[in-house]
>>> print(open('work09.cif').read())   # mmCIF, C-alpha atoms
data_work
loop_
_atom_site.group_PDB
_atom_site.id
_atom_site.type_symbol
_atom_site.label_atom_id
_atom_site.label_comp_id
_atom_site.auth_asym_id
_atom_site.auth_seq_id
_atom_site.Cartn_x
_atom_site.Cartn_y
_atom_site.Cartn_z
ATOM 1 C CA MET A 1 64.441 17.616 94.134
ATOM 2 C CA LYS A 2 63.093 14.251 92.914
ATOM 3 C CA PHE A 3 62.076 15.771 89.599
ATOM 4 C CA GLU A 4 65.518 17.272 89.126
ATOM 5 C CA LYS A 5 67.131 13.905 89.873
ATOM 6 C CA GLY A 6 64.834 12.293 87.318
ATOM 7 C CA LEU A 7 65.620 15.023 84.833
ATOM 8 C CA SER A 8 69.329 14.452 85.371
ATOM 9 C CA THR A 9 68.874 10.714 84.813
ATOM 10 C CA ALA A 10 66.883 11.331 81.654
ATOM 11 C CA THR A 11 69.580 13.670 80.363
ATOM 12 C CA LEU A 12 72.193 10.970 80.982
ATOM 13 C CA LEU A 13 70.014 8.485 79.089
ATOM 14 C CA SER A 14 69.685 10.943 76.241
ATOM 15 C CA ASN A 15 73.462 11.339 76.063
ATOM 16 C CA GLU A 16 73.891 7.559 76.113
ATOM 17 C CA VAL A 17 71.472 7.219 73.202
ATOM 18 C CA LYS A 18 73.445 9.837 71.257
ATOM 19 C CA CYS A 19 76.690 7.912 71.864
ATOM 20 C CA LYS A 20 75.041 4.715 70.636
ATOM 21 C CA GLN A 21 73.882 6.531 67.507
ATOM 22 C CA VAL A 22 77.429 7.651 66.747
ATOM 23 C CA ALA A 23 78.727 4.107 67.293
ATOM 24 C CA LEU A 24 76.049 2.685 64.989
ATOM 25 C CA LEU A 25 76.870 5.250 62.336
ATOM 26 C CA GLU A 26 80.548 4.321 62.523
ATOM 27 C CA ARG A 27 79.668 0.610 62.257
ATOM 28 C CA ASP A 28 77.428 1.338 59.288
ATOM 29 C CA ILE A 29 80.279 3.105 57.503
ATOM 30 C CA LEU A 30 82.664 0.250 58.321
ATOM 31 C CA LEU A 31 80.194 -2.324 57.001
ATOM 32 C CA LYS A 32 79.712 -0.385 53.775
ATOM 33 C CA ASN A 33 83.468 -0.119 53.325
ATOM 34 C CA LEU A 34 83.898 -3.836 54.042
ATOM 35 C CA LYS A 35 81.142 -4.707 51.571
ATOM 36 C CA SER A 36 82.790 -2.493 48.961
ATOM 37 C CA VAL A 37 86.167 -4.162 49.477
ATOM 38 C CA LEU A 38 84.601 -7.615 49.326
ATOM 39 C CA GLU A 39 82.755 -6.754 46.114
ATOM 40 C CA SER A 40 85.987 -5.519 44.539
ATOM 41 C CA LEU A 41 87.660 -8.822 45.482
ATOM 42 C CA ARG A 42 84.808 -11.024 44.237
ATOM 43 C CA GLY A 43 86.318 -11.599 40.798
ATOM 44 C CA GLN A 44 89.739 -12.434 42.183
ATOM 45 C CA VAL A 45 88.593 -15.290 44.410
ATOM 46 C CA ALA A 46 88.455 -18.784 42.941
ATOM 47 C CA GLY A 47 88.282 -22.398 43.973
ATOM 48 C CA LYS A 48 87.739 -23.444 47.568
ATOM 49 C CA TYR A 49 87.984 -19.845 48.779
ATOM 50 C CA LYS A 50 84.993 -18.817 46.708
ATOM 51 C CA ASP A 51 82.563 -20.523 49.149
ATOM 52 C CA GLU A 52 84.248 -18.882 52.143
ATOM 53 C CA PHE A 53 84.176 -15.574 50.312
ATOM 54 C CA GLU A 54 80.444 -15.878 49.608
ATOM 55 C CA GLU A 55 79.872 -16.808 53.245
ATOM 56 C CA SER A 56 81.759 -13.663 54.293
ATOM 57 C CA VAL A 57 79.638 -11.519 51.974
ATOM 58 C CA SER A 58 76.524 -13.165 53.390
ATOM 59 C CA MET A 59 77.679 -12.440 56.957
ATOM 60 C CA VAL A 60 78.234 -8.783 56.081
ATOM 61 C CA ASP A 61 74.705 -8.639 54.642
ATOM 62 C CA ILE A 62 73.298 -10.203 57.836
ATOM 63 C CA LEU A 63 75.247 -7.714 59.939
ATOM 64 C CA ALA A 64 73.844 -4.862 57.846
ATOM 65 C CA VAL A 65 70.281 -6.092 58.465
ATOM 66 C CA GLN A 66 70.947 -6.464 62.197
ATOM 67 C CA LEU A 67 72.455 -2.993 62.257
ATOM 68 C CA SER A 68 69.385 -1.583 60.540
ATOM 69 C CA LYS A 69 67.122 -3.218 63.138
ATOM 70 C CA ARG A 70 69.295 -1.881 65.942
ATOM 71 C CA GLU A 71 69.132 1.614 64.444
ATOM 72 C CA ASN A 72 65.334 1.427 64.429
ATOM 73 C CA GLU A 73 65.335 0.305 68.060
ATOM 74 C CA LEU A 74 67.675 3.145 68.922
ATOM 75 C CA LEU A 75 65.427 5.678 67.204
ATOM 76 C CA GLN A 76 62.506 4.381 69.260
ATOM 77 C CA GLN A 77 64.580 4.658 72.436
ATOM 78 C CA LYS A 78 65.616 8.185 71.519
ATOM 79 C CA THR A 79 61.999 9.172 70.951
ATOM 80 C CA GLU A 80 61.001 7.675 74.303
ATOM 81 C CA VAL A 81 63.879 9.352 76.147
ATOM 82 C CA THR A 82 63.034 12.689 74.541
ATOM 83 C CA ARG A 83 59.409 12.279 75.628
ATOM 84 C CA ILE A 84 60.479 11.432 79.182
ATOM 85 C CA VAL A 85 62.877 14.388 79.342
ATOM 86 C CA THR A 86 60.136 16.722 78.161
ATOM 87 C CA SER A 87 57.686 15.312 80.713
ATOM 88 C CA LEU A 88 60.213 15.636 83.531
ATOM 89 C CA LYS A 89 61.043 19.208 82.571
ATOM 90 C CA LEU A 90 57.355 20.119 82.591
ATOM 91 C CA ALA A 91 56.808 18.301 85.886
ATOM 92 C CA SER A 92 59.814 20.056 87.406
ATOM 93 C CA GLU A 93 58.562 23.451 86.265
ATOM 94 C CA ASP A 94 55.074 22.666 87.590
ATOM 95 C CA ALA A 95 56.492 21.519 90.919
ATOM 96 C CA ARG A 96 58.578 24.701 91.250
ATOM 97 C CA ARG A 97 55.555 26.836 90.430
ATOM 98 C CA ILE A 98 53.390 24.999 92.965
ATOM 99 C CA VAL A 99 56.083 25.285 95.653
ATOM 100 C CA ASP A 100 56.421 29.019 94.960
ATOM 101 C CA GLU A 101 52.641 29.490 95.149
ATOM 102 C CA GLU A 102 52.409 27.518 98.393
ATOM 103 C CA ARG A 103 55.334 29.462 99.853
ATOM 104 C CA THR A 104 53.575 32.734 98.984
ATOM 105 C CA ASN A 105 50.314 31.476 100.504
ATOM 106 C CA ALA A 106 52.123 30.366 103.669
ATOM 107 C CA ARG A 107 53.765 33.778 104.024
ATOM 108 C CA MET A 108 50.388 35.488 103.649
ATOM 109 C CA GLU A 109 48.862 33.186 106.264
ATOM 110 C CA ILE A 110 51.747 33.895 108.640
ATOM 111 C CA GLU A 111 51.302 37.640 108.166
ATOM 112 C CA ASN A 112 47.545 37.322 108.703
ATOM 113 C CA ALA A 113 48.133 35.274 111.865
ATOM 114 C CA ARG A 114 50.613 37.871 113.157
ATOM 115 C CA ALA A 115 48.109 40.641 112.508
ATOM 116 C CA ALA A 116 45.385 38.656 114.317
ATOM 117 C CA VAL A 117 47.703 38.091 117.302
ATOM 118 C CA GLN A 118 48.482 41.807 117.419
ATOM 119 C CA ARG A 119 44.760 42.640 117.350
ATOM 120 C CA VAL A 120 44.060 40.192 120.176
ATOM 121 C CA GLN A 121 46.980 41.583 122.176
ATOM 122 C CA LYS A 122 45.659 45.110 121.639
ATOM 123 C CA VAL A 123 42.152 44.118 122.778
ATOM 124 C CA LEU A 124 43.580 42.371 125.849
ATOM 125 C CA GLN A 125 45.719 45.402 126.667
ATOM 126 C CA GLU A 126 42.678 47.665 126.326
ATOM 127 C CA LYS A 127 40.638 45.382 128.606
ATOM 128 C CA GLU A 128 43.442 45.324 131.154
ATOM 129 C CA ASN A 129 43.712 49.111 131.061
ATOM 130 C CA SER A 130 39.955 49.374 131.372
ATOM 131 C CA SER A 131 39.944 46.957 134.341
ATOM 132 C CA GLN A 132 42.663 48.946 136.047
ATOM 133 C CA ARG A 133 40.716 52.194 135.606
ATOM 134 C CA ILE A 134 37.563 50.615 136.942
ATOM 135 C CA GLY A 135 39.542 49.207 139.859
ATOM 136 C CA LYS A 136 40.927 52.636 140.713
ATOM 137 C CA LEU A 137 37.459 54.160 140.547
ATOM 138 C CA LEU A 138 36.016 51.548 142.854
ATOM 139 C CA GLN A 139 38.775 51.836 145.479
ATOM 140 C CA PRO A 140 37.944 54.054 148.420
ATOM 141 C CA THR A 141 40.061 57.140 148.631
#
>>> encode(input="work09.cif", output="structure tokens")
Amino acid sequence: MKFEKGLSTATLLSNEVKCKQVALLERDILLKNLKSVLESLRGQVAGKYKDEFEESVSMVDILAVQLSKRENELLQQKTEVTRIVTSLKLASEDARRIVDEERTNARMEIENARAAVQRVQKVLQEKENSSQRIGKLLQPT
């Protein structure tokens, strides 16, 4: 039960990582498009706006670097989550197998105990029958 809960949590984490990857990909595309538009406008900007324009291009470059770092972090997270999911699946399978083996062993022990009880009951019944026969033989007629 605990393993399955952990497996469920790991699956949710995996899905979250996938959503983040899609969002990063969309941001990457947007940044590339923005950079392309800015580059096409570079020649048309003059005067006091040129400094602001260059600052905007610089900010887009910084964002691209930050995005690249975040993508690397996300890849590391994805690898870790995948490793955890795999471990939890194996642990869950092992736990199920162990529980099944223990259940089988317990059933065998119960059957063995029942058989032993039946043997003891049979021996007691035979002793009682034997005692009754001896008692009848010893009684005066």
>>> axis_aligned_box(input="work09.cif", around="range 126-129 of chain A", padding_each_side="4 Å", output="AutoDock Vina command-line options")
--center_x 42.2 --center_y 47.2 --center_z 128.7 --size_x 11.1 --size_y 11.8 --size_z 12.8
>>> resolve_selection(input="work09.cif", expression="the PyMOL selection byres ((chain A and resi 67) around 12)", output="list in words")
Lys20, Gln21, Ala23, Leu24, Leu25, Glu26, Arg27, Asp28, Ile29, Leu30, Leu31, Lys32, Val60, Asp61, Ile62, Leu63, Ala64, Val65, Gln66, Ser68, Lys69, Arg70, Glu71, Asn72, Glu73 and Leu74 of chain A
>>> atom_distance(input="work09.cif", atom1="CA of Gln118 in chain A", atom2="CA of Asp100 in chain A")
27.0 Å
>>> resolve_selection(input="work09.cif", expression="the PyMOL selection byres ((chain A and resi 53) around 12)", output="mmCIF file with C-alpha atoms, in the coordinates of the input")
data_model
loop_
_atom_site.group_PDB
_atom_site.id
_atom_site.type_symbol
_atom_site.label_atom_id
_atom_site.label_comp_id
_atom_site.auth_asym_id
_atom_site.auth_seq_id
_atom_site.Cartn_x
_atom_site.Cartn_y
_atom_site.Cartn_z
ATOM 1 C CA LYS A 35 81.142 -4.707 51.571
ATOM 2 C CA VAL A 37 86.167 -4.162 49.477
ATOM 3 C CA LEU A 38 84.601 -7.615 49.326
ATOM 4 C CA GLU A 39 82.755 -6.754 46.114
ATOM 5 C CA SER A 40 85.987 -5.519 44.539
ATOM 6 C CA LEU A 41 87.660 -8.822 45.482
ATOM 7 C CA ARG A 42 84.808 -11.024 44.237
ATOM 8 C CA GLY A 43 86.318 -11.599 40.798
ATOM 9 C CA GLN A 44 89.739 -12.434 42.183
ATOM 10 C CA VAL A 45 88.593 -15.290 44.410
ATOM 11 C CA ALA A 46 88.455 -18.784 42.941
ATOM 12 C CA GLY A 47 88.282 -22.398 43.973
ATOM 13 C CA LYS A 48 87.739 -23.444 47.568
ATOM 14 C CA TYR A 49 87.984 -19.845 48.779
ATOM 15 C CA LYS A 50 84.993 -18.817 46.708
ATOM 16 C CA ASP A 51 82.563 -20.523 49.149
ATOM 17 C CA GLU A 52 84.248 -18.882 52.143
ATOM 18 C CA GLU A 54 80.444 -15.878 49.608
ATOM 19 C CA GLU A 55 79.872 -16.808 53.245
ATOM 20 C CA SER A 56 81.759 -13.663 54.293
ATOM 21 C CA VAL A 57 79.638 -11.519 51.974
ATOM 22 C CA SER A 58 76.524 -13.165 53.390
ATOM 23 C CA MET A 59 77.679 -12.440 56.957
ATOM 24 C CA VAL A 60 78.234 -8.783 56.081
#
